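query-v2.cif, holding mmCIF, C-alpha atoms:
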data_upload
#
loop_
_atom_site.label_atom_id
_atom_site.label_comp_id
_atom_site.auth_asym_id
_atom_site.auth_seq_id
_atom_site.Cartn_x
_atom_site.Cartn_y
_atom_site.Cartn_z
CA MET A 24 14.72 0.50 0.84
CA TYR A 25 13.42 -2.05 -1.65
CA ASP A 26 9.81 -0.91 -1.04
CA LYS A 27 10.40 1.92 -3.50
CA LEU A 28 11.65 -0.54 -6.15
CA ILE A 29 8.47 -2.57 -5.72
CA ASP A 30 6.22 0.52 -5.76
CA ASP A 31 7.84 1.84 -8.94
CA TYR A 32 7.44 -1.51 -10.69
CA LEU A 33 3.82 -1.90 -9.59
CA ASN A 34 3.02 1.66 -10.64
CA ASP A 35 4.40 0.87 -14.10
CA VAL A 36 2.27 -2.28 -14.35
CA THR A 37 -0.95 -0.68 -13.09
CA LYS A 38 -0.70 2.93 -14.29
CA ASP A 39 -3.46 2.56 -16.90
CA MET A 40 -5.84 0.51 -14.78
CA GLY A 41 -8.92 1.72 -12.93
CA ALA A 42 -8.57 2.32 -9.19
CA GLU A 43 -10.21 -0.96 -8.12
CA GLN A 44 -8.21 -3.18 -10.49
CA ARG A 45 -5.05 -1.21 -9.74
CA ASN A 46 -5.43 -1.82 -6.03
CA ASP A 47 -6.18 -5.53 -6.49
CA VAL A 48 -3.32 -6.16 -8.93
CA SER A 49 -0.83 -4.15 -6.85
CA LYS A 50 -1.68 -6.10 -3.71
CA GLU A 51 -1.38 -9.46 -5.46
CA LEU A 52 1.89 -8.70 -7.27
CA ARG A 53 3.44 -7.15 -4.14
CA THR A 54 2.75 -10.35 -2.20
CA HIS A 55 4.28 -12.39 -5.03
CA ILE A 56 7.43 -10.23 -5.13
CA LEU A 57 7.88 -10.41 -1.35
CA ASP A 58 7.23 -14.18 -1.28
CA SER A 59 9.74 -14.73 -4.10
CA ALA A 60 12.27 -12.40 -2.44
CA ASP A 61 11.98 -14.32 0.84
CA ALA A 62 12.48 -17.63 -0.98
CA LEU A 63 15.47 -16.36 -2.98
CA ALA A 64 17.08 -14.78 0.08
CA ALA A 65 16.61 -18.01 2.07
CA GLU A 66 18.17 -19.96 -0.81
CA LYS A 67 21.19 -17.63 -0.82
CA LYS A 68 21.22 -17.48 3.00
CA ILE A 69 21.19 -13.67 3.03
CA PRO A 70 18.56 -11.13 4.13
CA VAL A 71 16.20 -9.62 1.55
CA ASP A 72 17.78 -6.51 0.03
CA ASP A 73 17.59 -4.35 -3.10
CA VAL A 74 19.65 -6.82 -5.16
CA ILE A 75 17.34 -9.73 -4.31
CA VAL A 76 14.22 -7.66 -5.08
CA ARG A 77 15.72 -6.49 -8.39
CA GLU A 78 16.39 -10.12 -9.34
CA VAL A 79 12.81 -11.10 -8.47
CA ILE A 80 11.39 -8.19 -10.47
CA SER A 81 13.51 -9.11 -13.49
CA LYS A 82 12.11 -12.66 -13.26
CA MET A 83 8.61 -11.19 -13.29
CA GLY A 84 9.22 -9.71 -16.74
CA PRO A 85 8.94 -6.16 -18.12
CA ALA A 86 6.16 -4.11 -16.51
CA GLU A 87 4.80 -2.96 -19.90
CA LYS A 88 4.51 -6.55 -21.12
CA ILE A 89 2.59 -7.66 -18.03
CA ALA A 90 0.36 -4.56 -18.14
CA ALA A 91 -0.52 -5.33 -21.75
CA MET A 92 -1.51 -8.91 -20.85
CA TYR A 93 -4.14 -7.86 -18.32
CA PRO A 94 -7.67 -7.87 -19.75
CA SER A 95 -8.71 -4.30 -20.42
CA LYS A 96 -11.50 -3.07 -18.22
CA GLU A 97 -14.01 -0.34 -18.94
CA THR A 98 -12.23 2.96 -19.21
CA PHE A 99 -12.99 5.65 -16.66
CA LEU A 100 -14.83 7.60 -19.35
CA GLU A 101 -17.20 4.68 -19.98
CA LYS A 102 -17.56 3.66 -16.35
CA SER A 103 -18.27 7.11 -15.00
CA GLY A 104 -21.01 7.89 -17.51
CA LEU A 105 -19.29 11.20 -18.31
CA TRP A 106 -19.58 10.63 -22.03
CA LYS A 107 -23.35 9.99 -21.73
CA VAL A 108 -23.85 13.16 -19.67
CA VAL A 109 -21.92 15.24 -22.22
CA GLN A 110 -23.89 13.60 -25.05
CA VAL A 111 -27.25 14.43 -23.40
CA LEU A 112 -26.27 18.04 -22.68
CA GLY A 113 -24.87 18.43 -26.21
CA GLY A 114 -28.08 16.91 -27.62
CA ILE A 115 -30.24 19.41 -25.73
CA ALA A 116 -28.05 22.29 -26.93
CA VAL A 117 -28.32 21.09 -30.54
CA ALA A 118 -32.13 20.74 -30.14
CA PHE A 119 -32.38 24.36 -28.98
CA LEU A 120 -30.21 25.50 -31.90
CA ILE A 121 -32.47 23.58 -34.32
CA VAL A 122 -35.55 25.27 -32.77
CA ALA A 123 -33.83 28.65 -33.21
CA GLY A 124 -33.06 27.77 -36.85
CA ILE A 125 -36.69 26.77 -37.52
CA LEU A 126 -37.97 29.96 -35.85
CA TRP A 127 -35.58 32.03 -37.96
CA VAL A 128 -37.05 30.42 -41.10
CA VAL A 129 -40.79 30.39 -40.24
CA ALA A 130 -41.17 33.49 -38.04
CA PRO A 131 -38.21 35.86 -38.39
CA ASP A 132 -40.28 38.76 -36.97
CA VAL A 133 -40.80 37.10 -33.53
CA LEU A 134 -37.24 35.72 -33.33
CA ALA A 135 -35.51 38.50 -31.38
CA MET A 136 -36.75 37.55 -27.91
CA PRO A 137 -36.67 33.71 -28.14
CA LEU A 138 -33.24 33.83 -29.76
CA SER A 139 -31.69 35.55 -26.77
CA ILE A 140 -33.32 32.97 -24.46
CA ILE A 141 -32.04 30.11 -26.63
CA ILE A 142 -28.53 31.57 -26.73
CA ASN A 143 -28.55 31.82 -22.93
CA ILE A 144 -29.75 28.22 -22.56
CA VAL A 145 -27.12 26.95 -25.01
CA PHE A 146 -24.45 28.94 -23.19
CA ALA A 147 -25.62 27.50 -19.83
CA LEU A 148 -25.52 23.95 -21.25
CA ALA A 149 -22.01 24.50 -22.63
CA LEU A 150 -20.91 25.82 -19.25
CA ALA A 151 -22.47 22.78 -17.55
CA MET A 152 -20.54 20.48 -19.91
CA VAL A 153 -17.26 22.25 -19.12
CA VAL A 154 -17.86 22.15 -15.35
CA ILE A 155 -18.94 18.48 -15.35
CA THR A 156 -15.93 17.52 -17.49
CA ALA A 157 -13.61 19.42 -15.13
CA ILE A 158 -15.09 17.65 -12.07
CA PHE A 159 -14.74 14.24 -13.72
CA LEU A 160 -11.20 15.10 -14.77
CA VAL A 161 -10.26 15.87 -11.16
CA ILE A 162 -11.87 12.59 -10.00
CA TYR A 163 -10.05 10.71 -12.78
CA VAL A 164 -6.65 12.16 -11.85
CA TYR A 165 -7.26 11.31 -8.18
CA GLU A 166 -8.54 7.77 -8.86
CA SER A 167 -6.00 6.74 -11.46
CA ARG A 168 -2.85 8.66 -10.60
CA LEU A 169 -2.93 9.73 -6.97
CA LYS A 170 -5.07 7.40 -4.86
CA VAL A 171 -3.07 4.18 -4.93
CA PRO A 172 0.48 5.64 -4.88
CA TYR A 173 -0.62 7.96 -2.07
CA GLU A 174 -2.12 5.06 -0.11
CA ALA A 175 0.99 2.97 -0.76
CA ARG A 176 3.20 5.79 0.52
CA LEU A 177 1.08 6.24 3.62
CA HIS A 178 1.17 2.50 4.27
CA ARG A 179 4.97 2.51 3.88
CA LEU A 180 5.32 5.51 6.18
CA ASN A 181 3.09 3.90 8.80
CA LYS A 182 5.10 0.67 8.56
CA SER A 183 8.37 2.59 8.98
CA LEU A 184 7.06 4.44 12.02
CA GLN A 185 6.03 1.18 13.66
CA ASP A 186 9.41 -0.41 13.05
CA ALA A 187 11.84 0.60 15.81
CA THR A 188 14.81 -0.18 13.57
CA SER A 189 13.76 1.87 10.52
CA PRO A 190 16.10 4.83 9.84
CA LEU A 191 13.07 7.13 9.49
CA LYS A 192 11.77 6.20 12.96
CA VAL A 193 15.27 6.48 14.49
CA TRP A 194 16.03 9.92 13.03
CA LEU A 195 12.55 11.19 13.86
CA THR A 196 12.95 10.07 17.47
CA VAL A 197 16.46 11.61 17.65
CA ALA A 198 15.17 14.90 16.20
CA MET A 199 12.26 14.96 18.66
CA ALA A 200 14.60 14.18 21.57
CA VAL A 201 16.99 16.99 20.56
CA ILE A 202 14.13 19.49 20.16
CA GLY A 203 12.57 18.32 23.46
CA LEU A 204 15.88 18.69 25.30
CA ALA A 205 16.49 22.15 23.82
CA VAL A 206 13.01 23.32 24.77
CA ILE A 207 13.10 21.91 28.31
CA THR A 208 16.60 23.20 29.15
CA ILE A 209 15.99 26.71 27.76
CA PHE A 210 12.34 27.35 28.41
CA TRP A 211 11.45 25.37 31.56
CA PRO A 212 11.37 28.48 33.83
CA TYR A 213 8.90 30.17 31.47
CA ILE A 214 6.33 27.38 30.96
CA PRO A 215 3.00 28.96 31.99
CA PHE A 216 0.00 27.19 33.51
CA LEU A 217 -3.41 28.31 34.76
CA ASP A 218 -3.28 28.63 38.57
CA GLY A 219 -6.99 27.92 39.04
CA PHE A 220 -10.38 27.79 37.37
CA GLY A 221 -12.86 30.61 37.49
CA PRO A 222 -12.74 34.35 36.73
CA ASP A 223 -9.62 34.89 38.88
CA GLY A 224 -7.57 32.29 37.02
CA ARG A 225 -4.24 33.59 35.71
CA LEU A 226 -1.13 32.12 34.11
CA ILE A 227 1.78 31.53 36.48
CA PRO A 228 5.09 29.60 35.96
CA LEU A 229 4.55 25.84 36.21
CA PHE A 230 8.01 25.29 37.70
CA THR A 231 9.98 27.17 40.36
CA PRO A 232 13.84 27.10 40.63
CA ASP A 233 13.43 23.88 42.70
CA PHE A 234 12.77 22.09 39.40
CA ALA A 235 16.33 22.91 38.26
CA SER A 236 17.65 19.87 40.18
CA PHE A 237 15.68 17.60 37.77
CA ILE A 238 17.10 19.15 34.60
CA PRO A 239 20.43 17.20 34.61
CA TYR A 240 18.51 13.90 34.96
CA ILE A 241 16.17 14.86 32.12
CA ILE A 242 19.18 15.71 29.92
CA ILE A 243 20.90 12.41 30.81
CA LEU A 244 17.77 10.43 29.93
CA GLY A 245 17.38 12.41 26.68
CA LEU A 246 20.97 11.68 25.66
CA PHE A 247 20.52 8.03 26.69
CA ASN A 248 17.48 7.90 24.37
CA ILE A 249 19.49 9.36 21.46
CA ALA A 250 22.30 6.84 22.06
CA ILE A 251 19.78 3.96 22.07
CA GLN A 252 18.26 5.14 18.79
CA LEU A 253 21.70 5.25 17.17
CA LEU A 254 22.39 1.73 18.44
CA TYR A 255 19.28 0.54 16.55
CA LEU A 256 21.02 1.66 13.37
CA SER A 257 24.54 0.49 14.14
CA LEU A 258 24.06 -2.84 15.95
CA ARG A 259 22.95 -6.03 14.25
CA GLN A 260 21.73 -7.45 17.57
CA LYS A 261 18.62 -5.26 17.79
CA TRP A 262 17.61 -6.82 21.10
CA VAL A 263 20.41 -4.88 22.84
CA PRO A 264 19.02 -1.35 22.17
CA SER A 265 15.52 -2.72 22.66
CA LEU A 266 16.51 -3.93 26.15
CA LEU A 267 18.15 -0.56 26.85
CA ASP A 268 14.84 1.02 25.79
CA VAL A 269 13.18 -0.99 28.60
CA VAL A 270 15.68 0.46 31.09
CA LEU A 271 15.04 3.96 29.70
CA SER A 272 11.25 3.58 30.06
CA CYS A 273 11.71 2.40 33.68
CA CYS A 274 14.04 5.36 34.40
CA ASN A 275 11.49 7.76 32.84
CA GLY A 276 8.84 6.21 35.09
CA LEU A 277 11.03 6.59 38.20
CA LEU A 278 11.85 10.21 37.35
CA THR A 279 8.13 10.95 36.88
CA ILE A 280 7.37 9.35 40.27
CA TRP A 281 10.10 11.52 41.83
CA ILE A 282 8.62 14.66 40.23
CA LEU A 283 5.17 13.53 41.43
CA THR A 284 6.36 13.33 45.05
CA VAL A 285 7.91 16.82 44.92
CA PHE A 286 5.03 18.49 43.00
CA PRO A 287 3.77 21.25 43.17
CA PHE A 288 6.85 23.37 42.74
CA ASN A 289 4.81 26.53 42.61
CA PRO A 290 2.59 27.02 45.73
CA GLY A 291 0.37 29.39 43.76
CA PHE A 292 -1.70 26.57 42.22
CA THR A 293 -5.16 25.77 43.60
CA PRO A 294 -5.66 22.22 45.02
CA ILE A 295 -7.85 21.19 42.08
CA ILE A 296 -5.16 22.15 39.53
CA VAL A 297 -2.49 20.34 41.58
CA ALA A 298 -4.72 17.25 41.77
CA GLY A 299 -5.33 17.40 38.00
CA ILE A 300 -1.61 17.63 37.19
CA LYS A 301 -0.82 14.80 39.63
CA VAL A 302 -3.41 12.58 37.88
CA VAL A 303 -1.70 13.36 34.56
CA LEU A 304 1.68 12.44 36.11
CA VAL A 305 0.25 9.14 37.41
CA PHE A 306 -0.98 8.36 33.88
CA ALA A 307 2.51 9.23 32.60
CA VAL A 308 4.02 6.71 35.05
CA ILE A 309 1.54 4.05 33.91
CA GLY A 310 2.41 4.94 30.30
CA CYS A 311 6.12 4.45 31.02
CA LEU A 312 5.44 1.02 32.56
CA VAL A 313 3.27 -0.07 29.62
CA ASP A 314 5.98 1.18 27.24
CA ALA A 315 8.62 -0.77 29.19
CA ALA A 316 6.51 -3.94 28.91
CA LYS A 317 6.05 -3.41 25.15
CA LYS A 318 9.78 -2.82 24.66
CA LEU A 319 10.57 -5.95 26.70
CA TRP A 320 8.29 -7.99 24.44
CA GLN A 321 9.96 -6.40 21.40
CA ALA A 322 13.42 -7.22 22.79
CA ALA A 323 12.34 -10.85 23.29
CA GLN A 324 11.11 -11.03 19.68
CA PHE A 325 14.35 -9.51 18.40
CA PHE A 326 16.33 -12.01 20.47
CA ILE A 327 14.33 -15.07 19.35
CA HIS A 328 13.33 -14.25 15.75
CA GLY A 329 15.69 -11.49 14.71
CA SER A 330 12.75 -9.06 14.20
CA PRO A 331 9.13 -8.68 15.32
CA GLU A 332 8.01 -8.91 11.66
CA LYS A 333 9.53 -12.38 11.29
CA SER A 334 7.83 -13.55 14.47
CA LYS A 335 4.45 -12.67 12.90
CA ALA A 336 5.29 -14.83 9.95
CA VAL A 337 6.04 -17.89 12.08
CA MET B 27 14.98 -12.83 -36.83
CA SER B 28 17.36 -15.50 -35.49
CA MET B 29 16.44 -19.15 -35.02
CA GLU B 30 16.51 -18.66 -31.22
CA ASP B 31 14.02 -15.79 -31.50
CA ILE B 32 11.65 -17.80 -33.68
CA PHE B 33 11.91 -20.82 -31.37
CA GLU B 34 11.32 -18.63 -28.31
CA ARG B 35 8.22 -17.07 -29.87
CA PHE B 36 6.78 -20.48 -30.77
CA GLU B 37 7.63 -21.91 -27.37
CA THR B 38 6.04 -18.93 -25.57
CA GLU B 39 2.83 -19.28 -27.59
CA VAL B 40 2.60 -23.02 -26.98
CA LYS B 41 3.47 -22.67 -23.29
CA ARG B 42 0.96 -19.90 -22.71
CA GLY B 43 -1.87 -22.04 -24.07
CA ALA B 44 -0.67 -25.07 -22.13
CA MET B 45 -0.23 -22.99 -19.02
CA GLN B 46 -3.89 -22.01 -18.97
CA VAL B 47 -4.96 -25.64 -19.02
CA ALA B 48 -2.27 -26.55 -16.46
CA VAL B 49 -3.53 -23.78 -14.17
CA MET B 50 -7.09 -25.10 -14.48
CA CYS B 51 -5.81 -28.55 -13.52
CA LEU B 52 -3.85 -27.21 -10.53
CA LEU B 53 -6.78 -25.19 -9.25
CA GLU B 54 -8.87 -28.20 -8.40
CA LYS B 55 -7.39 -27.32 -5.01
CA GLU B 56 -7.47 -23.67 -3.88
CA ARG B 57 -4.06 -22.00 -4.40
CA TYR B 58 -2.49 -18.55 -4.58
CA GLY B 59 -0.24 -17.15 -7.34
CA TYR B 60 3.19 -17.93 -5.92
CA ASP B 61 2.08 -21.46 -5.04
CA ILE B 62 0.76 -21.99 -8.60
CA ILE B 63 4.07 -20.82 -10.12
CA LYS B 64 6.02 -23.21 -7.88
CA SER B 65 3.78 -26.11 -8.89
CA LEU B 66 4.06 -25.21 -12.58
CA LYS B 67 7.87 -25.14 -12.27
CA ASP B 68 7.84 -28.51 -10.51
CA ALA B 69 5.75 -29.85 -13.39
CA GLY B 70 8.34 -28.56 -15.90
CA LEU B 71 6.26 -25.58 -17.06
CA GLY B 72 8.57 -22.77 -16.00
CA VAL B 73 7.10 -19.43 -17.04
CA GLU B 74 7.95 -15.76 -16.75
CA GLU B 75 6.44 -15.24 -13.33
CA GLY B 76 4.58 -12.02 -13.99
CA THR B 77 2.65 -13.49 -16.91
CA LEU B 78 0.65 -15.86 -14.71
CA TYR B 79 -1.31 -13.13 -12.94
CA PRO B 80 -2.90 -11.57 -16.04
CA ILE B 81 -3.89 -15.10 -17.12
CA LEU B 82 -5.50 -15.74 -13.73
CA ARG B 83 -7.36 -12.42 -14.01
CA ARG B 84 -8.57 -13.28 -17.53
CA LEU B 85 -9.77 -16.74 -16.46
CA GLU B 86 -11.52 -15.14 -13.52
CA ASP B 87 -13.26 -12.60 -15.77
CA GLU B 88 -14.41 -15.51 -17.93
CA LYS B 89 -15.92 -17.20 -14.81
CA ILE B 90 -13.56 -20.15 -15.24
CA LEU B 91 -11.95 -19.35 -11.90
CA THR B 92 -13.21 -17.85 -8.71
CA SER B 93 -11.09 -16.03 -6.15
CA ARG B 94 -11.08 -14.75 -2.60
CA TRP B 95 -8.66 -12.67 -0.54
CA VAL B 96 -7.24 -14.19 2.64
CA THR B 97 -5.84 -11.48 4.86
CA GLU B 98 -4.79 -13.60 7.83
CA GLY B 99 -1.07 -14.26 7.95
CA PRO B 100 1.84 -11.95 7.23
CA ARG B 101 0.66 -10.95 3.72
CA PRO B 102 -2.71 -10.73 1.98
CA ARG B 103 -3.09 -13.56 -0.53
CA LYS B 104 -5.56 -14.02 -3.34
CA TYR B 105 -6.64 -17.66 -3.55
CA TYR B 106 -8.04 -19.06 -6.78
CA ALA B 107 -10.13 -22.18 -7.44
CA ILE B 108 -11.77 -23.59 -10.53
CA THR B 109 -15.55 -23.20 -10.97
CA GLU B 110 -17.99 -25.85 -12.20
CA TYR B 111 -18.12 -24.01 -15.55
CA GLY B 112 -14.29 -24.03 -15.58
CA ARG B 113 -14.29 -27.81 -15.08
CA GLU B 114 -16.48 -28.27 -18.15
CA ILE B 115 -14.17 -26.09 -20.25
CA ARG B 116 -11.11 -27.85 -18.85
CA GLY B 117 -12.54 -31.24 -19.87
CA LYS B 118 -13.09 -30.03 -23.43
CA LEU B 119 -9.67 -28.37 -23.61
CA LEU B 120 -7.90 -31.48 -22.34
CA GLY B 121 -9.72 -33.55 -24.97
CA SER B 122 -8.77 -31.06 -27.67
CA MET B 123 -5.13 -30.97 -26.55
CA LYS B 124 -4.92 -34.77 -26.54
CA SER B 125 -6.33 -34.99 -30.05
CA VAL B 126 -3.91 -32.28 -31.27
CA SER B 127 -1.02 -34.08 -29.57
CA SER B 128 -1.90 -37.44 -31.13
CA ALA B 129 -2.35 -35.76 -34.53
CA ILE B 130 1.13 -34.23 -34.22
CA GLU B 131 2.55 -37.61 -33.19
CA ARG B 132 0.94 -39.23 -36.23
CA LEU B 133 2.33 -36.55 -38.52
CA GLU B 134 5.76 -36.93 -36.95
CA SER B 135 5.77 -40.68 -37.42
CA GLU B 136 4.59 -40.26 -41.05
CA MET B 137 7.37 -37.71 -41.55
CA ASN B 138 9.96 -40.06 -40.11
CA GLY B 139 8.54 -43.00 -42.09
CA GLY B 140 8.67 -40.87 -45.24
CA ASN B 141 12.35 -40.21 -44.65
#
Now that the file is in, can you turn its structure into structure tokens?
Amino acid sequence: MYDKLIDDYLNDVTKDMGAEQRNDVSKELRTHILDSADALAAEKKIPVDDVIVREVISKMGPAEKIAAMYPSKETFLEKSGLWKVVQVLGGIAVAFLIVAGILWVVAPDVLAMPLSIIINIVFALALAMVVITAIFLVIYVYESRLKVPYEARLHRLNKSLQDATSPLKVWLTVAMAVIGLAVITIFWPYIPFLDGFGPDGRLIPLFTPDFASFIPYIIILGLFNIAIQLLYLSLRQKWVPSLLDVVLSCCNGLLTIWILTVFPFNPGFTPIIVAGIKVVLVFAVIGCLVDAAKKLWQAAQFFIHGSPEKSKAV
Amino acid sequence: MSMEDIFERFETEVKRGAMQVAVMCLLEKERYGYDIIKSLKDAGLGVEEGTLYPILRRLEDEKILTSRWVTEGPRPRKYYAITEYGREIRGKLLGSMKSVSSAIERLESEMNGGN
């Protein structure tokens, strides 16, 4: 994806800036690159891709040149006051050493005891300087090297996870569906649940062999989900898999209602536990319906605008 | 250094100075970076796009411009506008540029007359 191209360029421009300026400049230049990429892509009547972004970045000029043009701000060393702290501590240490020197000259016979105290104080001050410098060094590395790239990566990851068509989201959903199917088909007879509250409560199987009749439907819906996810990657008309997602959410809701009517499979559960699980199943049905509505809205946006992102821009 | 290199260096220096004044003129109305670059291009002052932003930052540090982030819309945009102090400086700079321009014109006509 071209996001990495942009991040790399912005990191090169802002690598020597303080965290605040770095964040501000990155945000502003990113918007410029994306605006220019949109304009260039529209001019060429193609979607924004790596080639377009590379062209825009080359028009921006070399990162080092732009970085050098920015007015230099206070360095971290100046801004943090680290240098002043070290100066003060060093000054105190030197003052103690001077006192020790004077004592050695004027009263060498009483020096033994104060000298050991002075050496300890100077040692403590030196240790304080080392510790303070180490703490500021850690803060500096975080502020200048880690904070912004880390935030940018998190932002990118979050964006990818919200985008139904992103390869990351698709493969994550496929992986989760495969793991979910494997777990449910192999382990469903062994899923334990508390049969009741109180001191007599014990773990008993949540499902009895009656649940086996639902397993083929769960597998079919799981495979249907995987097929839909793959369609997001392979089809240009994203509204098609999005609409199929609506059907899948409705089917999931119907299956949950069916399970709800048959529940409990195991008669060993107390009424309060059965009621609790049924409430959870009702919420699951509501969740499926809300999800279906969201997917329907997404399908409409794909159909009208090509993508939900573009619809926000309109 | 080739003639093209020398010309490019001179042109860049002249343009960069002119661009700062042009930006001050454009920012009588609030605008964001991409919009400023488009307007500069339309006015015949095409620049390397990335160089505008450090200039905006410098002018802002010097209190010639003021800025604010607008986060509504698909992307966050930093809008700039000229300050009252910036207007005073712009007036002086425009006067200075005009006098330099007329001095150059005079020298050019003397040069041509001399030939």
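Among A:Asp31, A:Asp186, A:Glu87, A:Asp26, the residue with the shortest atom-to-atom distance to chain B, counting all atoms listed in the file, is A:Glu87.
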Subject >> Who sits within 12 Å of Leu304 of chain A, only C-alpha atoms, same chain under 5 positions skipped, as a PyMOL selection string >> reply: chain A and resi 275-287+297-299+309-311
Select from chain B every residue with an atom at most 12 Å from any atom of chain A, then for each give the shortest pair of atoms and their distance in Å to one decimal, using all atoms listed in the file, rows by chain and rising number, as CSV.
residue,atom,partner,partner_atom,distance
B:Arg42,CA,A:Met92,CA,11.4
B:Tyr58,CA,A:His55,CA,9.2
B:Gly59,CA,A:His55,CA,7.0
B:Tyr60,CA,A:His55,CA,5.7
B:Asp61,CA,A:His55,CA,9.3
B:Ile62,CA,A:His55,CA,10.8
B:Ile63,CA,A:His55,CA,9.8
B:Lys64,CA,A:Ser59,CA,10.0
B:Gly72,CA,A:Lys82,CA,11.1
B:Val73,CA,A:Met83,CA,9.2
B:Glu74,CA,A:Met83,CA,5.8
B:Glu75,CA,A:Met83,CA,4.6
B:Gly76,CA,A:Met83,CA,4.2
B:Thr77,CA,A:Ile89,CA,5.9
B:Leu78,CA,A:Ile89,CA,9.1
B:Tyr79,CA,A:Leu52,CA,7.9
B:Pro80,CA,A:Tyr93,CA,4.5
B:Ile81,CA,A:Tyr93,CA,7.3
B:Leu82,CA,A:Tyr93,CA,9.2
B:Arg83,CA,A:Tyr93,CA,7.1
B:Arg84,CA,A:Pro94,CA,5.9
B:Leu85,CA,A:Pro94,CA,9.7
B:Glu86,CA,A:Pro94,CA,10.3
B:Asp87,CA,A:Pro94,CA,8.3
B:Glu88,CA,A:Pro94,CA,10.3
B:Ser93,CA,A:Asp47,CA,11.6
B:Arg94,CA,A:Asp47,CA,11.1
B:Trp95,CA,A:Glu51,CA,9.4
B:Val96,CA,A:Glu51,CA,11.1
B:Thr97,CA,A:Lys50,CA,10.9
B:Glu98,CA,A:Ala336,CA,10.4
B:Gly99,CA,A:Ala336,CA,6.7
B:Pro100,CA,A:Ala336,CA,5.3
B:Arg101,CA,A:Thr54,CA,6.3
B:Pro102,CA,A:Thr54,CA,6.9
B:Arg103,CA,A:Glu51,CA,6.6
B:Lys104,CA,A:Glu51,CA,6.5
B:Tyr105,CA,A:Glu51,CA,9.9
B:Tyr106,CA,A:Glu51,CA,11.8
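Residue nearest Pro215 of chain A within the list A:Val108, A:Phe159, A:Lys318, A:Phe292: A:Phe292 [criterion: smallest interatomic distance, only C-alpha atoms].
With all atoms listed in the file as the basis for measurement, A:Tyr255 is the residue among A:Tyr32, A:Trp320, A:Phe306, A:Tyr255 that approaches Thr196 of chain A most closely.
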**OP:** List the residues selected by the PyMOL selection byres ((chain A and resi 265) around 10) in the file shown, writing them as a PyMOL selection string.
**Re:** chain A and resi 187-188+251-252+254-255+260-264+266-271+315+317-326
Original post:
Can you tell me, as a PyMOL selection string, what residues are no more than 10 Å from segment 120-131 of chain B when counting only C-alpha atoms, ignoring any on the same chain fewer than 3 positions away?
Top reply: chain B and resi 43-44+47-48+51+115-117+134-137
Original post:
Residues at most 10 Å from Glu114 of chain B, counting all atoms listed in the file, excluding those fewer than 5 positions away in the same chain, as a PyMOL selection string?
Top reply: chain B and resi 90+109+119
Original post:
Mind pulling up the distance from atom CA of Ala116 of chain A to atom CA of Leu148 of chain A?
Top reply: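 Straight-line distance from atom CA of Leu148 of chain A to atom CA of Ala116 of chain A works out to 6.4 Å.
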**OP:** Run the PyMOL selection byres ((chain A and resi 212) around 9) against the file shown and list the residues it catches, as a PyMOL selection string.
**Re:** chain A and resi 207-211+213-215+228-232+234-235
Subject >> Distance criterion (only C-alpha atoms): nearest to Arg113 of chain B out of B:Lys67, B:Arg35, B:Lys89, B:Lys41 >> reply: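 The shortest atom-to-atom distance to Arg113 of chain B comes from B:Lys89.
Going from atom CA of Leu256 of chain A to atom CA of His328 of chain A covers 17.8 Å.
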